[in-house]
>>> print(open('entry_34.tsv').read())   # TSV, C-alpha atoms and all ligand atoms
chain	number	residue	atom	x	y	z
A	1097	MET	CA	9.16	14.89	40.47
A	1098	GLU	CA	7.44	11.60	40.19
A	1099	HIS	CA	3.82	11.46	39.25
A	1100	VAL	CA	1.70	8.67	40.51
A	1101	LYS	CA	-1.37	8.59	38.35
A	1102	LYS	CA	-4.35	6.64	39.44
A	1103	LYS	CA	-6.94	5.77	36.87
A	1104	ARG	CA	-10.57	5.37	37.70
A	1105	ARG	CA	-13.57	4.68	35.58
A	1106	ARG	CA	-16.54	7.00	35.72
A	1107	ALA	CA	-19.84	7.37	33.97
A	1108	VAL	CA	-20.33	10.49	31.89
A	1109	VAL	CA	-23.76	11.51	30.59
A	1110	ASN	CA	-24.16	13.30	27.30
A	1111	GLN	CA	-26.83	15.55	28.77
A	1112	LYS	CA	-27.76	17.12	25.48
A	1113	ASP	CA	-29.31	13.86	24.30
A	1114	CYS	CA	-30.55	12.53	27.65
A	1115	VAL	CA	-34.32	12.03	27.74
A	1116	ALA	CA	-34.49	12.05	31.56
A	1117	CYS	CA	-36.34	8.74	31.71
A	1118	GLY	CA	-34.49	7.64	34.83
A	1119	CYS	CA	-33.75	4.06	33.75
A	1120	CYS	CA	-30.14	4.62	34.80
A	1121	VAL	CA	-31.17	5.71	38.29
A	1122	LYS	CA	-33.06	2.49	38.87
A	1123	VAL	CA	-30.06	0.25	38.22
A	1124	CYS	CA	-27.21	2.15	39.86
A	1125	PRO	CA	-26.13	0.13	42.90
A	1126	LEU	CA	-24.56	3.18	44.53
A	1127	SER	CA	-27.25	5.77	43.86
A	1128	ALA	CA	-24.58	7.74	42.08
A	1129	ILE	CA	-26.77	8.96	39.25
A	1130	GLN	CA	-29.80	11.19	39.56
A	1131	VAL	CA	-32.24	12.84	37.17
A	1132	ILE	CA	-32.06	16.54	37.89
A	1133	LYS	CA	-35.30	18.51	37.61
A	1134	GLY	CA	-36.67	16.35	34.83
A	1135	VAL	CA	-34.11	17.71	32.38
A	1136	ALA	CA	-31.16	15.31	32.34
A	1137	ALA	CA	-29.27	12.77	34.40
A	1138	GLN	CA	-26.17	13.75	36.32
A	1139	VAL	CA	-23.46	11.57	37.86
A	1140	ASP	CA	-22.11	12.19	41.33
A	1141	GLU	CA	-18.40	11.71	40.66
A	1142	SER	CA	-17.57	11.01	44.25
A	1143	LYS	CA	-19.92	8.04	44.37
A	1144	CYS	CA	-19.63	6.52	40.88
A	1145	VAL	CA	-17.34	3.52	40.51
A	1146	GLY	CA	-17.73	3.18	36.76
A	1147	CYS	CA	-19.42	-0.22	36.85
A	1148	GLY	CA	-21.28	0.57	33.63
A	1149	LYS	CA	-24.69	-0.73	34.69
A	1150	CYS	CA	-26.35	2.58	33.89
A	1151	ALA	CA	-24.73	2.76	30.46
A	1152	LYS	CA	-26.01	-0.69	29.60
A	1153	GLU	CA	-29.52	0.17	30.67
A	1154	CYS	CA	-29.82	3.63	29.10
A	1155	PRO	CA	-32.33	3.32	26.23
A	1156	ALA	CA	-30.82	6.32	24.45
A	1157	SER	CA	-27.26	5.07	25.00
A	1158	VAL	CA	-26.04	8.46	26.11
A	1159	ILE	CA	-23.84	7.29	29.00
A	1160	GLU	CA	-20.20	6.61	28.38
A	1161	ILE	CA	-17.75	5.03	30.76
A	1162	ARG	CA	-14.50	6.99	30.66
A	1163	GLU	CA	-11.17	6.56	32.33
A	1164	VAL	CA	-10.35	9.61	34.33
A	1165	GLU	CA	-7.24	10.50	36.29
A	1166	VAL	CA	-7.76	11.23	39.91
B	1428	MET	CA	-32.03	-2.28	45.34
B	1429	LYS	CA	-35.10	-1.96	47.50
B	1430	LYS	CA	-38.45	-2.54	45.84
B	1431	HIS	CA	-41.08	0.11	46.27
B	1432	TRP	CA	-44.81	-0.15	45.89
B	1433	TYR	CA	-44.58	1.78	42.65
B	1434	ASP	CA	-42.30	-0.82	41.13
B	1435	TYR	CA	-45.39	-2.97	40.69
B	1436	LEU	CA	-47.37	-0.49	38.62
B	1437	TRP	CA	-46.71	-2.64	35.55
B	1438	ILE	CA	-49.59	-4.75	36.88
B	1439	VAL	CA	-51.90	-1.74	36.54
B	1440	GLU	CA	-50.77	-1.19	32.97
B	1441	LEU	CA	-51.36	-4.82	31.97
B	1442	THR	CA	-54.73	-4.87	33.74
B	1443	TYR	CA	-55.70	-1.75	31.83
B	1444	LEU	CA	-54.92	-3.31	28.46
B	1445	ILE	CA	-56.77	-6.50	29.36
B	1446	LEU	CA	-59.85	-4.71	30.68
B	1447	GLY	CA	-60.14	-2.73	27.46
B	1448	PHE	CA	-60.21	-5.99	25.61
B	1449	PHE	CA	-63.37	-7.02	27.43
B	1450	ASN	CA	-65.11	-3.72	27.90
B	1451	ILE	CA	-63.94	-0.72	25.98
B	1452	LEU	CA	-65.34	1.74	28.50
B	1453	PHE	CA	-62.45	0.93	30.83
B	1454	ALA	CA	-60.27	2.82	28.35
B	1455	TRP	CA	-61.38	5.99	30.10
B	1456	ILE	CA	-59.17	5.06	33.04
B	1457	GLY	CA	-56.24	5.76	30.73
B	1458	LEU	CA	-56.80	9.47	31.26
B	1459	PHE	CA	-54.90	9.01	34.52
B	1460	PHE	CA	-51.82	7.91	32.56
B	1461	PHE	CA	-52.22	11.08	30.60
B	1462	PHE	CA	-52.87	13.66	33.30
B	1463	ILE	CA	-50.73	12.40	36.19
B	1464	PRO	CA	-47.42	12.86	34.29
B	1465	LEU	CA	-48.46	16.33	33.21
B	1466	ILE	CA	-49.60	17.36	36.67
B	1467	ILE	CA	-46.34	16.15	38.22
B	1468	ALA	CA	-44.30	17.99	35.57
B	1469	ILE	CA	-46.25	21.20	35.88
B	1470	ALA	CA	-46.62	21.25	39.66
B	1471	ARG	CA	-43.24	19.86	40.70
B	1472	GLY	CA	-41.06	20.40	37.65
B	1473	THR	CA	-39.85	16.80	37.56
B	1474	LYS	CA	-40.27	13.72	35.44
B	1475	GLY	CA	-41.38	11.89	38.56
B	1476	TYR	CA	-43.91	9.93	36.57
B	1477	CYS	CA	-41.31	8.48	34.18
B	1478	ASN	CA	-38.76	8.08	36.92
B	1479	ARG	CA	-41.06	6.20	39.26
B	1480	TYR	CA	-44.64	5.51	38.44
B	1481	CYS	CA	-44.91	4.65	34.78
B	1482	GLY	CA	-46.22	1.12	34.43
B	1483	ARG	CA	-45.76	1.07	30.69
B	1484	GLY	CA	-42.03	1.68	30.95
B	1485	GLN	CA	-41.88	-1.08	33.57
B	1486	VAL	CA	-43.63	-3.54	31.25
B	1487	PHE	CA	-41.00	-2.94	28.57
B	1488	GLY	CA	-38.23	-3.10	31.16
B	1489	LEU	CA	-39.47	-6.45	32.43
B	1490	LEU	CA	-40.21	-8.08	29.08
B	1491	GLY	CA	-37.02	-6.82	27.48
B	1492	GLY	CA	-34.84	-7.27	30.55
B	1493	ARG	CA	-36.02	-10.11	32.80
B	1494	PHE	CA	-37.63	-12.06	29.96
B	1495	GLY	CA	-34.85	-11.28	27.52
B	1496	LEU	CA	-37.10	-10.23	24.65
B	1497	SER	CA	-34.71	-7.55	23.47
B	1498	ARG	CA	-31.58	-7.49	21.34
B	1499	LYS	CA	-30.21	-4.78	23.65
B	1500	LYS	CA	-28.68	-2.85	20.78
B	1501	ASP	CA	-28.21	0.89	20.62
B	1502	ILE	CA	-31.13	2.81	19.23
B	1503	PRO	CA	-30.33	4.48	15.87
B	1504	LYS	CA	-29.09	8.05	16.13
B	1505	TRP	CA	-32.02	9.56	14.23
B	1506	MET	CA	-34.51	8.06	16.66
B	1507	LYS	CA	-33.05	9.97	19.56
B	1508	SER	CA	-32.65	13.21	17.61
B	1509	LYS	CA	-34.75	16.16	18.71
B	1510	ALA	CA	-36.24	16.37	15.23
B	1511	PHE	CA	-37.69	12.87	15.47
B	1512	ARG	CA	-38.77	13.14	19.08
B	1513	TYR	CA	-40.50	16.48	18.64
B	1514	GLY	CA	-41.88	15.44	15.27
B	1515	PHE	CA	-43.36	12.31	16.79
B	1516	LEU	CA	-44.89	14.37	19.60
B	1517	ILE	CA	-46.55	16.66	17.07
B	1518	TRP	CA	-47.79	13.70	15.05
B	1519	PHE	CA	-49.26	12.21	18.20
B	1520	PHE	CA	-51.03	15.44	19.00
B	1521	ILE	CA	-52.53	15.71	15.54
B	1522	MET	CA	-53.82	12.15	15.77
B	1523	PHE	CA	-55.12	12.81	19.26
B	1524	PHE	CA	-57.11	15.84	18.15
B	1525	GLN	CA	-58.46	13.92	15.21
B	1526	MET	CA	-59.67	11.32	17.68
B	1527	LEU	CA	-61.32	14.03	19.78
B	1528	TRP	CA	-62.95	15.41	16.65
B	1529	ASN	CA	-64.40	11.99	15.81
B	1530	THR	CA	-65.73	11.77	19.33
B	1531	TYR	CA	-67.32	15.18	18.94
B	1532	LEU	CA	-69.01	14.12	15.70
B	1533	VAL	CA	-70.57	11.14	17.42
B	1534	PHE	CA	-71.74	13.33	20.28
B	1535	ALA	CA	-73.18	15.79	17.78
B	1536	GLY	CA	-74.99	12.98	16.04
B	1537	THR	CA	-73.41	13.55	12.63
B	1538	GLN	CA	-71.45	10.32	12.73
B	1539	ASP	CA	-72.29	6.85	13.95
B	1540	LEU	CA	-70.28	5.04	16.54
B	1541	ARG	CA	-67.53	2.97	14.99
B	1542	GLN	CA	-66.68	-0.04	17.09
B	1543	VAL	CA	-63.12	-0.39	15.95
B	1544	VAL	CA	-59.70	-0.03	17.51
B	1545	THR	CA	-57.36	1.63	15.06
B	1546	LEU	CA	-53.84	0.29	15.26
B	1547	LEU	CA	-50.90	2.39	14.06
B	1548	TRP	CA	-53.42	4.97	12.79
B	1549	THR	CA	-54.17	2.67	9.86
B	1550	PHE	CA	-55.43	-0.78	10.69
B	1551	LYS	CA	-59.00	-0.99	11.86
B	1552	LEU	CA	-59.48	-3.93	14.16
B	1553	PRO	CA	-63.05	-5.01	14.84
B	1554	TRP	CA	-63.62	-4.68	18.56
B	1555	ASN	CA	-67.38	-4.99	18.84
B	1556	TRP	CA	-67.26	-7.70	21.51
B	1557	ALA	CA	-66.03	-5.10	23.96
B	1558	TYR	CA	-69.10	-2.89	23.67
B	1559	HIS	CA	-72.51	-3.93	24.84
B	1560	GLY	CA	-74.31	-0.65	24.71
B	1561	THR	CA	-74.72	1.33	27.88
B	1562	LEU	CA	-76.60	4.02	29.67
B	1563	PHE	CA	-74.13	6.50	28.22
B	1564	HIS	CA	-74.19	8.35	24.96
B	1565	PRO	CA	-72.40	6.52	22.09
B	1566	GLY	CA	-69.90	9.39	22.09
B	1567	VAL	CA	-68.62	8.14	25.43
B	1568	ALA	CA	-67.86	4.83	23.78
B	1569	GLN	CA	-66.32	6.52	20.74
B	1570	PHE	CA	-63.83	8.30	22.94
B	1571	ALA	CA	-63.02	5.00	24.66
B	1572	PHE	CA	-62.37	3.28	21.33
B	1573	GLY	CA	-60.17	6.19	20.28
B	1574	PHE	CA	-58.23	6.37	23.50
B	1575	TYR	CA	-57.69	2.64	23.60
B	1576	SER	CA	-56.39	2.85	20.03
B	1577	VAL	CA	-53.78	5.35	21.18
B	1578	MET	CA	-52.75	3.15	24.09
B	1579	LEU	CA	-52.57	-0.03	22.02
B	1580	THR	CA	-50.66	1.68	19.22
B	1581	SER	CA	-48.02	2.99	21.58
B	1582	THR	CA	-47.76	-0.43	23.22
B	1583	VAL	CA	-47.19	-2.10	19.86
B	1584	LEU	CA	-44.59	0.48	18.77
B	1585	GLY	CA	-42.91	0.15	22.16
B	1586	LEU	CA	-42.80	-3.63	21.86
B	1587	VAL	CA	-41.24	-3.44	18.40
B	1588	THR	CA	-38.49	-1.07	19.47
B	1589	MET	CA	-38.04	-3.07	22.67
B	1590	VAL	CA	-37.23	-6.15	20.61
B	1591	LEU	CA	-35.02	-4.31	18.12
B	1592	PHE	CA	-33.13	-2.04	20.49
B	1593	LYS	CA	-32.97	-1.67	24.26
B	1594	PRO	CA	-35.91	-2.75	26.45
B	1595	ARG	CA	-37.14	0.75	27.18
B	1596	SER	CA	-36.40	2.29	23.78
B	1597	TRP	CA	-39.97	3.54	23.73
B	1598	CYS	CA	-39.00	6.00	26.48
B	1599	VAL	CA	-36.68	7.77	24.03
B	1600	TYR	CA	-39.53	8.88	21.77
B	1601	CYS	CA	-42.57	8.44	24.04
B	1602	PRO	CA	-44.73	11.56	23.56
B	1603	MET	CA	-45.54	11.76	27.27
B	1604	GLY	CA	-41.86	11.55	28.14
B	1605	THR	CA	-40.91	14.18	25.58
B	1606	MET	CA	-43.72	16.45	26.67
B	1607	THR	CA	-42.92	16.22	30.37
B	1608	GLN	CA	-39.23	16.84	29.68
B	1609	LEU	CA	-40.14	19.92	27.65
B	1610	ILE	CA	-42.30	21.20	30.51
B	1611	CYS	CA	-39.42	20.66	32.94
B	1612	LYS	CA	-37.03	22.45	30.61
B	1613	ALA	CA	-39.42	25.37	30.33
B	1614	LYS	CA	-39.69	25.53	34.10
B	1615	ASN	CA	-36.12	24.84	35.11
B	1616	GLY	CA	-33.96	25.89	32.19
B	1617	ASN	CA	-32.00	23.67	29.84
B	1618	LYS	CA	-29.00	22.99	32.01
B	1619	PRO	CA	-29.65	20.79	34.97
B	1620	SER	CA	-27.92	21.79	38.15
B	1621	MET	CA	-28.00	20.29	41.59
A	1701	LIG	S1	-21.24	3.53	36.32
A	1701	LIG	FE1	-22.14	2.25	37.94
A	1701	LIG	S2	-21.77	3.43	39.82
A	1701	LIG	FE2	-21.45	4.85	38.12
A	1701	LIG	S3	-23.42	5.86	37.88
A	1701	LIG	FE3	-23.39	4.13	36.47
A	1701	LIG	S4	-24.35	2.44	37.58
A	1701	LIG	FE4	-23.80	4.01	39.09
A	1702	LIG	S1	-31.16	6.22	31.22
A	1702	LIG	FE1	-30.05	7.51	29.74
A	1702	LIG	S2	-31.59	8.83	28.82
A	1702	LIG	FE2	-32.50	7.95	30.67
A	1702	LIG	S3	-32.08	9.45	32.28
A	1702	LIG	FE3	-30.40	8.00	32.34
A	1702	LIG	S4	-28.85	8.90	31.01
A	1702	LIG	FE4	-30.74	9.96	30.55
A	1703	LIG	S1	-41.03	7.98	28.67
A	1703	LIG	FE1	-43.16	7.32	28.44
A	1703	LIG	S2	-43.12	5.08	28.70
A	1703	LIG	FE2	-41.16	5.88	29.42
A	1703	LIG	S3	-41.41	6.12	31.60
A	1703	LIG	FE3	-41.95	8.09	30.67
A	1703	LIG	S4	-44.16	8.07	30.29
A	1703	LIG	FE4	-43.48	5.97	30.70
>>> encode(input="entry_34.tsv", output="structure tokens", more="lines below")
Ligand code: SF4
Ligand code: SF4
Ligand code: SF4
Amino acid sequence: MEHVKKKRRRAVVNQKDCVACGCCVKVCPLSAIQVIKGVAAQVDESKCVGCGKCAKECPASVIEIREVEV
Amino acid sequence: MKKHWYDYLWIVELTYLILGFFNILFAWIGLFFFFIPLIIAIARGTKGYCNRYCGRGQVFGLLGGRFGLSRKKDIPKWMKSKAFRYGFLIWFFIMFFQMLWNTYLVFAGTQDLRQVVTLLWTFKLPWNWAYHGTLFHPGVAQFAFGFYSVMLTSTVLGLVTMVLFKPRSWCVYCPMGTMTQLICKAKNGNKPSM
């Protein structure tokens, strides 16, 4: 069997330390990140392209861009 | 990204700070910045104020981002710890109640009006040009001086951390932000879910 692995980059929020300020939401060009119920931000994996804009903006630096296999 | 009307609320925030420089009684308007976030959090269970309407956050975002007045470094770990954030919230509350107490004393007539703006809870700046005496009781002015002190102090702290770390670092330890998040957690549970 031959595996064809595709790698994609995605944003991952460390929700434990997220302050739910929403700075990430404002800069995401694809509206792929949302603050859920004022508690923490959450990434919609199907929309995120891993551009890293949110991670750069996040004042608490709790977003990481990871390579994931799809 | 499309601009909304609320993306211009930084103008309101700046106007507020400037007005208080000329007439301290305008500081009372700041109660809106205090109650609106709480009402949104309690009624709707969201941080809608932070996420959309907060002019203060926008000021830091603009100065630190567009105007480049920020090193854009990561905030130190301890500053985003729960201990620091909750500790700072408690500290803010204590200072706030002390301010209310001072206002009460002026209303009760046991203390004279002090025409100062206290910066960082320590430095007393003379601010007498912004008070011309009014129809109101001096206590009304005392509250205004106190409230404006709170607003100016948080602006100064926010500017310092904006320069040192990311533009909106203030939002990490902002008492209003912490408080509204706590309210949302109490209402919605700790784990967010769609
Ligand atoms: S990495 Fe880019 S696309 Fe993904 S959530 Fe962040 S800003 Fe949006
Ligand atoms: S910018 Fe960072 S701290 Fe703020 S909501 Fe987004 S992930 Fe959370
Ligand atoms: S955390 Fe504070 S300064 Fe930041 S958006 Fe919320 S209320 Fe405004």
>>> interface_residues(input="entry_34.tsv", of="chain B", to="chain A", cutoff="7 Å", atoms="only C-alpha atoms", output="list in words")
Met1428, Gly1472, Thr1473, Lys1474, Cys1477, Asn1478, Asp1501, Ile1502, Lys1507, Lys1593, Arg1595, Ser1596, Cys1598, Val1599, Gln1608, Cys1611, Lys1612, Asn1615, Asn1617, Pro1619, Ser1620 and Met1621 of chain B
>>> atom_distance(input="entry_34.tsv", atom1="CA of Ile1445 in chain B", atom2="CA of Thr1580 in chain B")
14.4 Å
>>> atom_distance(input="entry_34.tsv", atom1="CA of Leu1562 in chain B", atom2="CA of Val1439 in chain B")
26.3 Å
>>> atom_distance(input="entry_34.tsv", atom1="CA of Pro1565 in chain B", atom2="CA of Val1544 in chain B")
15.0 Å
>>> axis_aligned_box(input="entry_34.tsv", around="ligand LIG 1701 (chain A)", padding_each_side="4 Å", output="JSON")
{"center_x": -22.8, "center_y": 4.1, "center_z": 38.1, "size_x": 11.1, "size_y": 11.6, "size_z": 11.5}
>>> residues_around(input="entry_34.tsv", residues="range 1160-1165 of chain A", least_positions_apart="3", cutoff="6 Å", atoms="all atoms listed in the file", output="ChimeraX atom specification")
/A:1102-1108
>>> closest_residue(input="entry_34.tsv", among="A:Ile1159, A:Ser1142, A:Gly1148, A:Ala1128", to="ligand LIG 1702 (chain A)", atoms="all atoms listed in the file")
A:Ile1159
